[in-house]
Amino acid sequence: RKGGEVPSGLACVAQRYLTRPLLIDKRKFDLRLYVLLTSVDPLRCYLHRDGLARFCTAPYSVPNSKNLEEAYMHLTNYSLNKHNAEAFVSGDTENASKRSISHVWEQMAAEGFPTGPLWDQLKQLCLRTLQAMVPKLWMAYHAHVTNGDGPSMCFQILGFDVIIDHQLRPWLLETNNGPSLNLDEEADRAVKEQLVEETLNMVKTLYKQPYKAAAAGSAVTEEEVWGLRERRWEAHVKAGAWERKNLHQLEPLCDAAPSPPPPPPHLPAR
């Protein structure tokens, strides 16, 4: 529709339709990437090296007035395509309707597509999306967590849905703050069990840290604030070192800065 045709007051989402997506087996597909967020102050996040590819169950054609309503051709949603009993293929094979990204990478590499640079683009897409979300996440975290000078006290697995166009450019479709961990297909089990196991191995250090509640009622000086930031940074460095020791299928999206921000000039260095 044109802007003037949209009724005023109607809540809607404006999207751009990619008419030339990358096709495999003549079918449109999208990717579900998994990102583990272990800290927002400062940011620590990891991308799982495998994920899921969800395929349409009908061969793709450029949309026109005759095929626009053919959902199995244009929509990659697994929740929709699994009901196409005649065309949905189960299993984690090279022709499955839901398959692991590692299988897709093998197919693309066999056809001469450079998957390494594409993966680097996907990492940047996830990181930049998280960086845009940090201010809101920071406020939400500190509104609920009172442990002022300890490490991060929570974690979250996020789902990033991405589609790739014919020029191997990734486009973000949406992010999910509670991605499904159901094990409906073999590909789900291969990817998600590994994701959850490694996540729990990494974050279990959170529950071994001594809890120290922030003092309340008294005014806090600027020097105390900067001392608090230094202690929080020390906890961040220790937690980050632990996480990196337990990396297997998760890879860092951002590196920690070598040192915390310096205090204002009128405060002594600690």
# chains A, B, ... in the order shown; residues from 1 in each chain; ligands from 1

$ residues_around --residues "Leu137 of chain A" --least-positions-apart "4" --cutoff "7 Å" --atoms "only C-alpha atoms" --output "list in words"
Val40, Met133 and Tyr141 of chain A

$ residues_around --residues "segment 149-163 of chain A" --least-positions-apart "3" --cutoff "6 Å" --atoms "only C-alpha atoms" --output "list in words"
Asp30, Leu31, Arg32, Leu33, Tyr34, Val35, Leu36, Leu37, Thr38, Ser39, Pro170, Trp171, Leu172, Leu173, Glu174, Thr175, Asn176, Asn177, Pro179, Leu228, Arg231, Arg232, Ala235 and His236 of chain A

$ residues_around --residues "segment 104-113 of chain A" --least-positions-apart "6" --cutoff "10 Å" --atoms "only C-alpha atoms" --output "PDB file with N, CA and C atoms, in the first residue's frame"
ATOM      1  N   ILE A  24      18.416 -22.418  -2.290  1.00  0.00           N
ATOM      2  CA  ILE A  24      19.059 -23.734  -2.283  1.00  0.00           C
ATOM      3  C   ILE A  24      17.969 -24.737  -2.636  1.00  0.00           C
ATOM      4  N   ASP A  25      18.256 -25.614  -3.566  1.00  0.00           N
ATOM      5  CA  ASP A  25      17.248 -26.562  -4.064  1.00  0.00           C
ATOM      6  C   ASP A  25      16.017 -25.830  -4.582  1.00  0.00           C
ATOM      7  N   LEU A  31      17.776 -18.295   8.258  1.00  0.00           N
ATOM      8  CA  LEU A  31      18.664 -18.868   9.268  1.00  0.00           C
ATOM      9  C   LEU A  31      18.220 -18.436  10.652  1.00  0.00           C
ATOM     10  N   ASP A  50      26.854 -23.155  15.196  1.00  0.00           N
ATOM     11  CA  ASP A  50      25.850 -23.828  14.375  1.00  0.00           C
ATOM     12  C   ASP A  50      24.485 -23.225  14.679  1.00  0.00           C
ATOM     13  N   GLY A  51      23.560 -23.463  13.819  1.00  0.00           N
ATOM     14  CA  GLY A  51      22.213 -22.937  13.992  1.00  0.00           C
ATOM     15  C   GLY A  51      21.284 -23.722  13.097  1.00  0.00           C
ATOM     16  N   LEU A  52      20.157 -23.123  12.753  1.00  0.00           N
ATOM     17  CA  LEU A  52      19.156 -23.830  11.963  1.00  0.00           C
ATOM     18  C   LEU A  52      18.840 -23.074  10.683  1.00  0.00           C
ATOM     19  N   ALA A  53      18.546 -23.822   9.641  1.00  0.00           N
ATOM     20  CA  ALA A  53      18.046 -23.249   8.391  1.00  0.00           C
ATOM     21  C   ALA A  53      16.637 -23.795   8.181  1.00  0.00           C
ATOM     22  N   THR A  93      19.229 -33.837   7.096  1.00  0.00           N
ATOM     23  CA  THR A  93      19.970 -34.224   5.902  1.00  0.00           C
ATOM     24  C   THR A  93      20.055 -33.034   4.960  1.00  0.00           C
ATOM     25  N   GLU A  94      20.728 -33.229   3.842  1.00  0.00           N
ATOM     26  CA  GLU A  94      20.949 -32.121   2.917  1.00  0.00           C
ATOM     27  C   GLU A  94      19.687 -31.695   2.180  1.00  0.00           C
ATOM     28  N   ASN A  95      18.608 -32.461   2.300  1.00  0.00           N
ATOM     29  CA  ASN A  95      17.354 -32.048   1.670  1.00  0.00           C
ATOM     30  C   ASN A  95      16.223 -31.871   2.670  1.00  0.00           C
ATOM     31  N   TRP A 119      29.936 -15.763   7.063  1.00  0.00           N
ATOM     32  CA  TRP A 119      29.862 -15.956   8.514  1.00  0.00           C
ATOM     33  C   TRP A 119      30.356 -14.706   9.249  1.00  0.00           C
ATOM     34  N   LEU A 168      24.703 -12.639  -1.442  1.00  0.00           N
ATOM     35  CA  LEU A 168      25.268 -13.129  -0.177  1.00  0.00           C
ATOM     36  C   LEU A 168      25.325 -12.037   0.883  1.00  0.00           C
TER      37      LEU A 168
END

$ atom_distance --atom1 "atom CA of Leu122 of chain A" --atom2 "atom CA of Ala58 of chain A"
26.1 Å

$ atom_distance --atom1 "atom CA of Cys126 of chain A" --atom2 "atom CA of Arg44 of chain A"
12.4 Å

$ atom_distance --atom1 "atom CA of Leu247 of chain A" --atom2 "atom CA of Glu185 of chain A"
25.5 Å

$ residues_around --residues "Lys98 of chain A" --least-positions-apart "6" --cutoff "8 Å" --atoms "only C-alpha atoms" --output "PDB file with all heavy atoms, in the first residue's frame"
ATOM      1  N   LEU A  52      20.157 -23.123  12.753  1.00  0.00           N
ATOM      2  CA  LEU A  52      19.156 -23.830  11.963  1.00  0.00           C
ATOM      3  C   LEU A  52      18.840 -23.074  10.683  1.00  0.00           C
ATOM      4  O   LEU A  52      18.864 -21.838  10.660  1.00  0.00           O
ATOM      5  CB  LEU A  52      17.868 -23.999  12.777  1.00  0.00           C
ATOM      6  CG  LEU A  52      17.984 -24.835  14.058  1.00  0.00           C
ATOM      7  CD1 LEU A  52      16.702 -24.749  14.850  1.00  0.00           C
ATOM      8  CD2 LEU A  52      18.320 -26.289  13.720  1.00  0.00           C
ATOM      9  N   ALA A  53      18.546 -23.822   9.641  1.00  0.00           N
ATOM     10  CA  ALA A  53      18.046 -23.249   8.391  1.00  0.00           C
ATOM     11  C   ALA A  53      16.637 -23.795   8.181  1.00  0.00           C
ATOM     12  O   ALA A  53      16.434 -25.013   8.197  1.00  0.00           O
ATOM     13  CB  ALA A  53      18.958 -23.620   7.222  1.00  0.00           C
ATOM     14  N   ARG A  54      15.680 -22.898   8.007  1.00  0.00           N
ATOM     15  CA  ARG A  54      14.283 -23.296   7.821  1.00  0.00           C
ATOM     16  C   ARG A  54      13.887 -23.016   6.373  1.00  0.00           C
ATOM     17  O   ARG A  54      13.975 -21.875   5.901  1.00  0.00           O
ATOM     18  CB  ARG A  54      13.359 -22.515   8.759  1.00  0.00           C
ATOM     19  CG  ARG A  54      13.517 -22.867  10.255  1.00  0.00           C
ATOM     20  CD  ARG A  54      14.625 -22.130  10.945  1.00  0.00           C
ATOM     21  NE  ARG A  54      14.461 -20.696  10.882  1.00  0.00           N
ATOM     22  CZ  ARG A  54      13.861 -19.966  11.839  1.00  0.00           C
ATOM     23  NH1 ARG A  54      13.393 -20.561  12.908  1.00  0.00           N
ATOM     24  NH2 ARG A  54      13.760 -18.651  11.732  1.00  0.00           N
ATOM     25  N   PHE A  55      13.442 -24.047   5.664  1.00  0.00           N
ATOM     26  CA  PHE A  55      13.185 -23.947   4.234  1.00  0.00           C
ATOM     27  C   PHE A  55      11.697 -23.902   3.929  1.00  0.00           C
ATOM     28  O   PHE A  55      10.880 -24.541   4.612  1.00  0.00           O
ATOM     29  CB  PHE A  55      13.789 -25.144   3.499  1.00  0.00           C
ATOM     30  CG  PHE A  55      15.268 -25.044   3.279  1.00  0.00           C
ATOM     31  CD1 PHE A  55      16.147 -25.256   4.333  1.00  0.00           C
ATOM     32  CD2 PHE A  55      15.786 -24.725   2.037  1.00  0.00           C
ATOM     33  CE1 PHE A  55      17.515 -25.160   4.139  1.00  0.00           C
ATOM     34  CE2 PHE A  55      17.154 -24.633   1.834  1.00  0.00           C
ATOM     35  CZ  PHE A  55      18.017 -24.849   2.877  1.00  0.00           C
ATOM     36  N   TYR A  78       8.918 -22.328  10.107  1.00  0.00           N
ATOM     37  CA  TYR A  78       8.795 -23.768  10.341  1.00  0.00           C
ATOM     38  C   TYR A  78       7.391 -24.119  10.823  1.00  0.00           C
ATOM     39  O   TYR A  78       6.823 -25.137  10.409  1.00  0.00           O
ATOM     40  CB  TYR A  78       9.832 -24.210  11.369  1.00  0.00           C
ATOM     41  CG  TYR A  78       9.585 -25.581  11.936  1.00  0.00           C
ATOM     42  CD1 TYR A  78       9.828 -26.727  11.179  1.00  0.00           C
ATOM     43  CD2 TYR A  78       9.102 -25.742  13.237  1.00  0.00           C
ATOM     44  CE1 TYR A  78       9.593 -27.988  11.696  1.00  0.00           C
ATOM     45  CE2 TYR A  78       8.858 -26.997  13.765  1.00  0.00           C
ATOM     46  CZ  TYR A  78       9.103 -28.126  12.998  1.00  0.00           C
ATOM     47  OH  TYR A  78       8.855 -29.368  13.511  1.00  0.00           O
ATOM     48  N   VAL A  89      10.062 -32.329   4.626  1.00  0.00           N
ATOM     49  CA  VAL A  89      11.016 -33.431   4.758  1.00  0.00           C
ATOM     50  C   VAL A  89      11.659 -33.362   6.140  1.00  0.00           C
ATOM     51  O   VAL A  89      12.272 -32.351   6.499  1.00  0.00           O
ATOM     52  CB  VAL A  89      12.111 -33.356   3.677  1.00  0.00           C
ATOM     53  CG1 VAL A  89      13.105 -34.505   3.847  1.00  0.00           C
ATOM     54  CG2 VAL A  89      11.485 -33.377   2.290  1.00  0.00           C
ATOM     55  N   SER A  90      11.521 -34.426   6.933  1.00  0.00           N
ATOM     56  CA  SER A  90      12.111 -34.479   8.268  1.00  0.00           C
ATOM     57  C   SER A  90      13.548 -34.983   8.200  1.00  0.00           C
ATOM     58  O   SER A  90      14.032 -35.410   7.155  1.00  0.00           O
ATOM     59  CB  SER A  90      11.277 -35.372   9.186  1.00  0.00           C
ATOM     60  OG  SER A  90      10.005 -34.806   9.425  1.00  0.00           O
ATOM     61  N   GLY A  91      14.228 -34.955   9.360  1.00  0.00           N
ATOM     62  CA  GLY A  91      15.613 -35.393   9.440  1.00  0.00           C
ATOM     63  C   GLY A  91      16.556 -34.215   9.352  1.00  0.00           C
ATOM     64  O   GLY A  91      16.142 -33.080   9.120  1.00  0.00           O
ATOM     65  N   ASP A  92      17.854 -34.492   9.558  1.00  0.00           N
ATOM     66  CA  ASP A  92      18.880 -33.452   9.437  1.00  0.00           C
ATOM     67  C   ASP A  92      19.795 -33.832   8.292  1.00  0.00           C
ATOM     68  O   ASP A  92      20.967 -34.142   8.469  1.00  0.00           O
ATOM     69  CB  ASP A  92      19.662 -33.312  10.748  1.00  0.00           C
ATOM     70  CG  ASP A  92      20.649 -32.144  10.704  1.00  0.00           C
ATOM     71  OD1 ASP A  92      20.468 -31.246   9.860  1.00  0.00           O
ATOM     72  OD2 ASP A  92      21.599 -32.140  11.497  1.00  0.00           O
ATOM     73  N   GLU A 185      12.655 -31.716  15.513  1.00  0.00           N
ATOM     74  CA  GLU A 185      13.345 -32.365  14.406  1.00  0.00           C
ATOM     75  C   GLU A 185      14.760 -32.781  14.831  1.00  0.00           C
ATOM     76  O   GLU A 185      15.268 -32.330  15.849  1.00  0.00           O
ATOM     77  CB  GLU A 185      13.427 -31.415  13.203  1.00  0.00           C
ATOM     78  CG  GLU A 185      12.087 -30.935  12.693  1.00  0.00           C
ATOM     79  CD  GLU A 185      11.267 -32.036  12.054  1.00  0.00           C
ATOM     80  OE1 GLU A 185      11.866 -32.966  11.475  1.00  0.00           O
ATOM     81  OE2 GLU A 185      10.015 -31.978  12.132  1.00  0.00           O
ATOM     82  N   ALA A 187      17.491 -31.919  13.489  1.00  0.00           N
ATOM     83  CA  ALA A 187      18.365 -30.741  13.478  1.00  0.00           C
ATOM     84  C   ALA A 187      18.232 -29.959  14.781  1.00  0.00           C
ATOM     85  O   ALA A 187      19.217 -29.409  15.286  1.00  0.00           O
ATOM     86  CB  ALA A 187      18.014 -29.849  12.287  1.00  0.00           C
TER      87      ALA A 187
END

$ closest_atom_pairs --of "segment 51-142 of chain A" --to "segment 18-23 of chain A" --cutoff "8 Å" --atoms "only C-alpha atoms" --output "CSV"
residue,atom,partner,partner_atom,distance
A:Tyr60,CA,A:Leu23,CA,7.9
A:Val62,CA,A:Thr19,CA,6.0
A:Pro63,CA,A:Thr19,CA,7.2

$ residues_around --residues "Asn77 of chain A" --least-positions-apart "2" --cutoff "8 Å" --atoms "only C-alpha atoms" --output "PDB file with all heavy atoms, in the first residue's frame"
ATOM      1  N   ARG A  54      15.680 -22.898   8.007  1.00  0.00           N
ATOM      2  CA  ARG A  54      14.283 -23.296   7.821  1.00  0.00           C
ATOM      3  C   ARG A  54      13.887 -23.016   6.373  1.00  0.00           C
ATOM      4  O   ARG A  54      13.975 -21.875   5.901  1.00  0.00           O
ATOM      5  CB  ARG A  54      13.359 -22.515   8.759  1.00  0.00           C
ATOM      6  CG  ARG A  54      13.517 -22.867  10.255  1.00  0.00           C
ATOM      7  CD  ARG A  54      14.625 -22.130  10.945  1.00  0.00           C
ATOM      8  NE  ARG A  54      14.461 -20.696  10.882  1.00  0.00           N
ATOM      9  CZ  ARG A  54      13.861 -19.966  11.839  1.00  0.00           C
ATOM     10  NH1 ARG A  54      13.393 -20.561  12.908  1.00  0.00           N
ATOM     11  NH2 ARG A  54      13.760 -18.651  11.732  1.00  0.00           N
ATOM     12  N   PHE A  55      13.442 -24.047   5.664  1.00  0.00           N
ATOM     13  CA  PHE A  55      13.185 -23.947   4.234  1.00  0.00           C
ATOM     14  C   PHE A  55      11.697 -23.902   3.929  1.00  0.00           C
ATOM     15  O   PHE A  55      10.880 -24.541   4.612  1.00  0.00           O
ATOM     16  CB  PHE A  55      13.789 -25.144   3.499  1.00  0.00           C
ATOM     17  CG  PHE A  55      15.268 -25.044   3.279  1.00  0.00           C
ATOM     18  CD1 PHE A  55      16.147 -25.256   4.333  1.00  0.00           C
ATOM     19  CD2 PHE A  55      15.786 -24.725   2.037  1.00  0.00           C
ATOM     20  CE1 PHE A  55      17.515 -25.160   4.139  1.00  0.00           C
ATOM     21  CE2 PHE A  55      17.154 -24.633   1.834  1.00  0.00           C
ATOM     22  CZ  PHE A  55      18.017 -24.849   2.877  1.00  0.00           C
ATOM     23  N   CYS A  56      11.375 -23.157   2.883  1.00  0.00           N
ATOM     24  CA  CYS A  56      10.033 -23.248   2.320  1.00  0.00           C
ATOM     25  C   CYS A  56       9.841 -24.639   1.729  1.00  0.00           C
ATOM     26  O   CYS A  56      10.810 -25.317   1.357  1.00  0.00           O
ATOM     27  CB  CYS A  56       9.836 -22.200   1.227  1.00  0.00           C
ATOM     28  SG  CYS A  56       9.723 -20.497   1.835  1.00  0.00           S
ATOM     29  N   LEU A  75       6.904 -17.925   2.647  1.00  0.00           N
ATOM     30  CA  LEU A  75       7.152 -17.829   4.090  1.00  0.00           C
ATOM     31  C   LEU A  75       8.001 -19.000   4.557  1.00  0.00           C
ATOM     32  O   LEU A  75       7.670 -20.161   4.302  1.00  0.00           O
ATOM     33  CB  LEU A  75       5.830 -17.797   4.863  1.00  0.00           C
ATOM     34  CG  LEU A  75       4.882 -16.641   4.522  1.00  0.00           C
ATOM     35  CD1 LEU A  75       3.620 -16.716   5.354  1.00  0.00           C
ATOM     36  CD2 LEU A  75       5.579 -15.305   4.714  1.00  0.00           C
ATOM     37  N   SER A  79       6.825 -23.277  11.690  1.00  0.00           N
ATOM     38  CA  SER A  79       5.493 -23.549  12.240  1.00  0.00           C
ATOM     39  C   SER A  79       4.429 -23.631  11.160  1.00  0.00           C
ATOM     40  O   SER A  79       3.383 -24.256  11.352  1.00  0.00           O
ATOM     41  CB  SER A  79       5.114 -22.465  13.262  1.00  0.00           C
ATOM     42  OG  SER A  79       5.125 -21.186  12.654  1.00  0.00           O
ATOM     43  N   LEU A  80       4.681 -23.009  10.023  1.00  0.00           N
ATOM     44  CA  LEU A  80       3.764 -23.076   8.889  1.00  0.00           C
ATOM     45  C   LEU A  80       4.095 -24.260   7.972  1.00  0.00           C
ATOM     46  O   LEU A  80       3.224 -25.076   7.646  1.00  0.00           O
ATOM     47  CB  LEU A  80       3.825 -21.773   8.092  1.00  0.00           C
ATOM     48  CG  LEU A  80       3.112 -21.761   6.738  1.00  0.00           C
ATOM     49  CD1 LEU A  80       1.607 -21.715   6.947  1.00  0.00           C
ATOM     50  CD2 LEU A  80       3.564 -20.575   5.905  1.00  0.00           C
ATOM     51  N   ASN A  81       5.357 -24.370   7.570  1.00  0.00           N
ATOM     52  CA  ASN A  81       5.728 -25.355   6.557  1.00  0.00           C
ATOM     53  C   ASN A  81       5.629 -26.794   7.050  1.00  0.00           C
ATOM     54  O   ASN A  81       5.483 -27.713   6.228  1.00  0.00           O
ATOM     55  CB  ASN A  81       7.146 -25.063   6.056  1.00  0.00           C
ATOM     56  CG  ASN A  81       7.180 -23.927   5.059  1.00  0.00           C
ATOM     57  OD1 ASN A  81       6.873 -24.098   3.882  1.00  0.00           O
ATOM     58  ND2 ASN A  81       7.547 -22.733   5.530  1.00  0.00           N
TER      59      ASN A  81
END

$ select_by_dssp --residues "segment 9-235 of chain A" --states "strand (DSSP E)" --output "ChimeraX atom specification"
/A:23-24,27-40,43-48,52-55,98-100,156-164,170-176

$ closest_residue --among "A:Trp242, A:Val13, A:Glu198, A:Ser100" --to "Leu47 of chain A" --atoms "only C-alpha atoms"
A:Glu198

$ select_by_dssp --residues "segment 122-214 of chain A" --states "alpha helix (DSSP H)" --output "VMD selection string"
chain A and resid 122 to 144 186 to 203

$ write_last_selection --atoms "N, CA and C atoms" --output "compact mmCIF listing (two decimals), in the first residue's frame"
# COMPACT_ATOMS: atom_id res chain seq x y z
N LEU A 122 27.60 -12.26 9.28
CA LEU A 122 26.57 -12.64 10.24
C LEU A 122 26.99 -12.26 11.67
N LYS A 123 28.25 -12.44 11.98
CA LYS A 123 28.76 -12.07 13.30
C LYS A 123 28.61 -10.56 13.52
N GLN A 124 28.96 -9.77 12.51
CA GLN A 124 28.83 -8.33 12.62
C GLN A 124 27.38 -7.91 12.75
N LEU A 125 26.49 -8.57 12.04
CA LEU A 125 25.07 -8.26 12.13
C LEU A 125 24.56 -8.47 13.55
N CYS A 126 24.93 -9.60 14.16
CA CYS A 126 24.49 -9.90 15.53
C CYS A 126 25.07 -8.89 16.51
N LEU A 127 26.36 -8.59 16.37
CA LEU A 127 27.01 -7.67 17.30
C LEU A 127 26.40 -6.28 17.22
N ARG A 128 26.21 -5.77 16.01
CA ARG A 128 25.67 -4.42 15.87
C ARG A 128 24.23 -4.33 16.38
N THR A 129 23.47 -5.40 16.20
CA THR A 129 22.11 -5.42 16.75
C THR A 129 22.15 -5.35 18.27
N LEU A 130 23.04 -6.13 18.88
CA LEU A 130 23.16 -6.11 20.34
C LEU A 130 23.64 -4.75 20.84
N GLN A 131 24.58 -4.16 20.14
CA GLN A 131 25.08 -2.85 20.56
C GLN A 131 23.97 -1.81 20.54
N ALA A 132 23.06 -1.92 19.59
CA ALA A 132 21.93 -0.99 19.54
C ALA A 132 20.96 -1.23 20.69
N MET A 133 20.94 -2.47 21.21
CA MET A 133 20.03 -2.82 22.30
C MET A 133 20.62 -2.55 23.68
N VAL A 134 21.92 -2.33 23.76
CA VAL A 134 22.60 -2.24 25.06
C VAL A 134 22.00 -1.20 26.00
N PRO A 135 21.71 0.04 25.56
CA PRO A 135 21.16 1.02 26.51
C PRO A 135 19.90 0.53 27.22
N LYS A 136 18.99 -0.07 26.46
CA LYS A 136 17.75 -0.57 27.09
C LYS A 136 18.04 -1.76 27.99
N LEU A 137 18.91 -2.66 27.54
CA LEU A 137 19.26 -3.82 28.36
C LEU A 137 19.96 -3.38 29.64
N TRP A 138 20.83 -2.37 29.53
CA TRP A 138 21.55 -1.86 30.70
C TRP A 138 20.58 -1.34 31.75
N MET A 139 19.61 -0.56 31.31
CA MET A 139 18.63 0.00 32.25
C MET A 139 17.78 -1.09 32.88
N ALA A 140 17.36 -2.06 32.07
CA ALA A 140 16.53 -3.14 32.60
C ALA A 140 17.31 -3.98 33.61
N TYR A 141 18.58 -4.24 33.32
CA TYR A 141 19.40 -5.05 34.22
C TYR A 141 19.59 -4.36 35.56
N HIS A 142 20.00 -3.09 35.54
CA HIS A 142 20.29 -2.40 36.79
C HIS A 142 19.02 -2.00 37.55
N ALA A 143 17.88 -2.08 36.89
CA ALA A 143 16.62 -1.83 37.61
C ALA A 143 16.22 -3.03 38.47
N HIS A 144 16.80 -4.20 38.18
CA HIS A 144 16.40 -5.40 38.90
C HIS A 144 17.52 -6.05 39.68
N GLU A 186 15.38 -33.63 14.03
CA GLU A 186 16.74 -34.06 14.33
C GLU A 186 17.70 -32.88 14.37
N ALA A 187 17.49 -31.92 13.49
CA ALA A 187 18.36 -30.74 13.48
C ALA A 187 18.23 -29.96 14.78
N ASP A 188 17.02 -29.88 15.34
CA ASP A 188 16.83 -29.21 16.62
C ASP A 188 17.69 -29.86 17.69
N ARG A 189 17.63 -31.18 17.74
CA ARG A 189 18.38 -31.89 18.78
C ARG A 189 19.88 -31.70 18.60
N ALA A 190 20.35 -31.76 17.37
CA ALA A 190 21.79 -31.63 17.11
C ALA A 190 22.32 -30.27 17.52
N VAL A 191 21.52 -29.22 17.32
CA VAL A 191 21.98 -27.86 17.58
C VAL A 191 21.66 -27.41 19.00
N LYS A 192 20.43 -27.61 19.44
CA LYS A 192 19.97 -27.01 20.69
C LYS A 192 20.52 -27.71 21.92
N GLU A 193 20.66 -29.01 21.89
CA GLU A 193 21.23 -29.71 23.06
C GLU A 193 22.65 -29.22 23.31
N GLN A 194 23.42 -29.09 22.26
CA GLN A 194 24.79 -28.61 22.39
C GLN A 194 24.82 -27.17 22.88
N LEU A 195 23.92 -26.34 22.36
CA LEU A 195 23.82 -24.94 22.77
C LEU A 195 23.52 -24.81 24.26
N VAL A 196 22.52 -25.53 24.74
CA VAL A 196 22.12 -25.43 26.15
C VAL A 196 23.21 -25.97 27.06
N GLU A 197 23.80 -27.10 26.69
CA GLU A 197 24.86 -27.69 27.52
C GLU A 197 26.04 -26.73 27.68
N GLU A 198 26.48 -26.15 26.56
CA GLU A 198 27.63 -25.26 26.65
C GLU A 198 27.28 -23.98 27.39
N THR A 199 26.05 -23.50 27.21
CA THR A 199 25.61 -22.31 27.94
C THR A 199 25.67 -22.53 29.44
N LEU A 200 25.14 -23.65 29.90
CA LEU A 200 25.12 -23.92 31.35
C LEU A 200 26.54 -24.12 31.89
N ASN A 201 27.42 -24.73 31.10
CA ASN A 201 28.81 -24.87 31.55
C ASN A 201 29.48 -23.51 31.70
N MET A 202 29.14 -22.58 30.83
CA MET A 202 29.77 -21.27 30.89
C MET A 202 29.25 -20.42 32.02
N VAL A 203 27.94 -20.44 32.24
CA VAL A 203 27.35 -19.48 33.20
C VAL A 203 27.27 -20.03 34.61

$ decode --residues "segment 44-57 of chain A" --atoms "N, CA, C and O atoms" --output "PDB file, in the first residue's frame"
ATOM      1  N   ARG A  44      29.202  -8.732  27.031  1.00  0.00           N
ATOM      2  CA  ARG A  44      29.878  -9.984  26.683  1.00  0.00           C
ATOM      3  C   ARG A  44      28.846 -10.864  25.984  1.00  0.00           C
ATOM      4  O   ARG A  44      27.769 -11.116  26.546  1.00  0.00           O
ATOM      5  N   CYS A  45      29.162 -11.314  24.782  1.00  0.00           N
ATOM      6  CA  CYS A  45      28.190 -12.092  24.025  1.00  0.00           C
ATOM      7  C   CYS A  45      28.919 -13.065  23.106  1.00  0.00           C
ATOM      8  O   CYS A  45      30.049 -12.818  22.676  1.00  0.00           O
ATOM      9  N   TYR A  46      28.261 -14.177  22.818  1.00  0.00           N
ATOM     10  CA  TYR A  46      28.877 -15.262  22.067  1.00  0.00           C
ATOM     11  C   TYR A  46      27.878 -15.810  21.051  1.00  0.00           C
ATOM     12  O   TYR A  46      26.694 -15.968  21.346  1.00  0.00           O
ATOM     13  N   LEU A  47      28.389 -16.102  19.868  1.00  0.00           N
ATOM     14  CA  LEU A  47      27.560 -16.672  18.804  1.00  0.00           C
ATOM     15  C   LEU A  47      27.841 -18.170  18.687  1.00  0.00           C
ATOM     16  O   LEU A  47      28.999 -18.587  18.610  1.00  0.00           O
ATOM     17  N   HIS A  48      26.766 -18.953  18.681  1.00  0.00           N
ATOM     18  CA  HIS A  48      26.930 -20.392  18.500  1.00  0.00           C
ATOM     19  C   HIS A  48      27.324 -20.676  17.058  1.00  0.00           C
ATOM     20  O   HIS A  48      26.777 -20.091  16.124  1.00  0.00           O
ATOM     21  N   ARG A  49      28.284 -21.570  16.880  1.00  0.00           N
ATOM     22  CA  ARG A  49      28.839 -21.812  15.542  1.00  0.00           C
ATOM     23  C   ARG A  49      27.889 -22.575  14.633  1.00  0.00           C
ATOM     24  O   ARG A  49      28.118 -22.679  13.431  1.00  0.00           O
ATOM     25  N   ASP A  50      26.854 -23.155  15.196  1.00  0.00           N
ATOM     26  CA  ASP A  50      25.850 -23.828  14.375  1.00  0.00           C
ATOM     27  C   ASP A  50      24.485 -23.225  14.679  1.00  0.00           C
ATOM     28  O   ASP A  50      24.300 -22.546  15.683  1.00  0.00           O
ATOM     29  N   GLY A  51      23.560 -23.463  13.819  1.00  0.00           N
ATOM     30  CA  GLY A  51      22.213 -22.937  13.992  1.00  0.00           C
ATOM     31  C   GLY A  51      21.284 -23.722  13.097  1.00  0.00           C
ATOM     32  O   GLY A  51      21.586 -24.852  12.698  1.00  0.00           O
ATOM     33  N   LEU A  52      20.157 -23.123  12.753  1.00  0.00           N
ATOM     34  CA  LEU A  52      19.156 -23.830  11.963  1.00  0.00           C
ATOM     35  C   LEU A  52      18.840 -23.074  10.683  1.00  0.00           C
ATOM     36  O   LEU A  52      18.864 -21.838  10.660  1.00  0.00           O
ATOM     37  N   ALA A  53      18.546 -23.822   9.641  1.00  0.00           N
ATOM     38  CA  ALA A  53      18.046 -23.249   8.391  1.00  0.00           C
ATOM     39  C   ALA A  53      16.637 -23.795   8.181  1.00  0.00           C
ATOM     40  O   ALA A  53      16.434 -25.013   8.197  1.00  0.00           O
ATOM     41  N   ARG A  54      15.680 -22.898   8.007  1.00  0.00           N
ATOM     42  CA  ARG A  54      14.283 -23.296   7.821  1.00  0.00           C
ATOM     43  C   ARG A  54      13.887 -23.016   6.373  1.00  0.00           C
ATOM     44  O   ARG A  54      13.975 -21.875   5.901  1.00  0.00           O
ATOM     45  N   PHE A  55      13.442 -24.047   5.664  1.00  0.00           N
ATOM     46  CA  PHE A  55      13.185 -23.947   4.234  1.00  0.00           C
ATOM     47  C   PHE A  55      11.697 -23.902   3.929  1.00  0.00           C
ATOM     48  O   PHE A  55      10.880 -24.541   4.612  1.00  0.00           O
ATOM     49  N   CYS A  56      11.375 -23.157   2.883  1.00  0.00           N
ATOM     50  CA  CYS A  56      10.033 -23.248   2.320  1.00  0.00           C
ATOM     51  C   CYS A  56       9.841 -24.639   1.729  1.00  0.00           C
ATOM     52  O   CYS A  56      10.810 -25.317   1.357  1.00  0.00           O
ATOM     53  N   THR A  57       8.595 -25.051   1.612  1.00  0.00           N
ATOM     54  CA  THR A  57       8.318 -26.394   1.093  1.00  0.00           C
ATOM     55  C   THR A  57       7.762 -26.361  -0.321  1.00  0.00           C
ATOM     56  O   THR A  57       7.246 -27.374  -0.806  1.00  0.00           O
TER      57      THR A  57
END
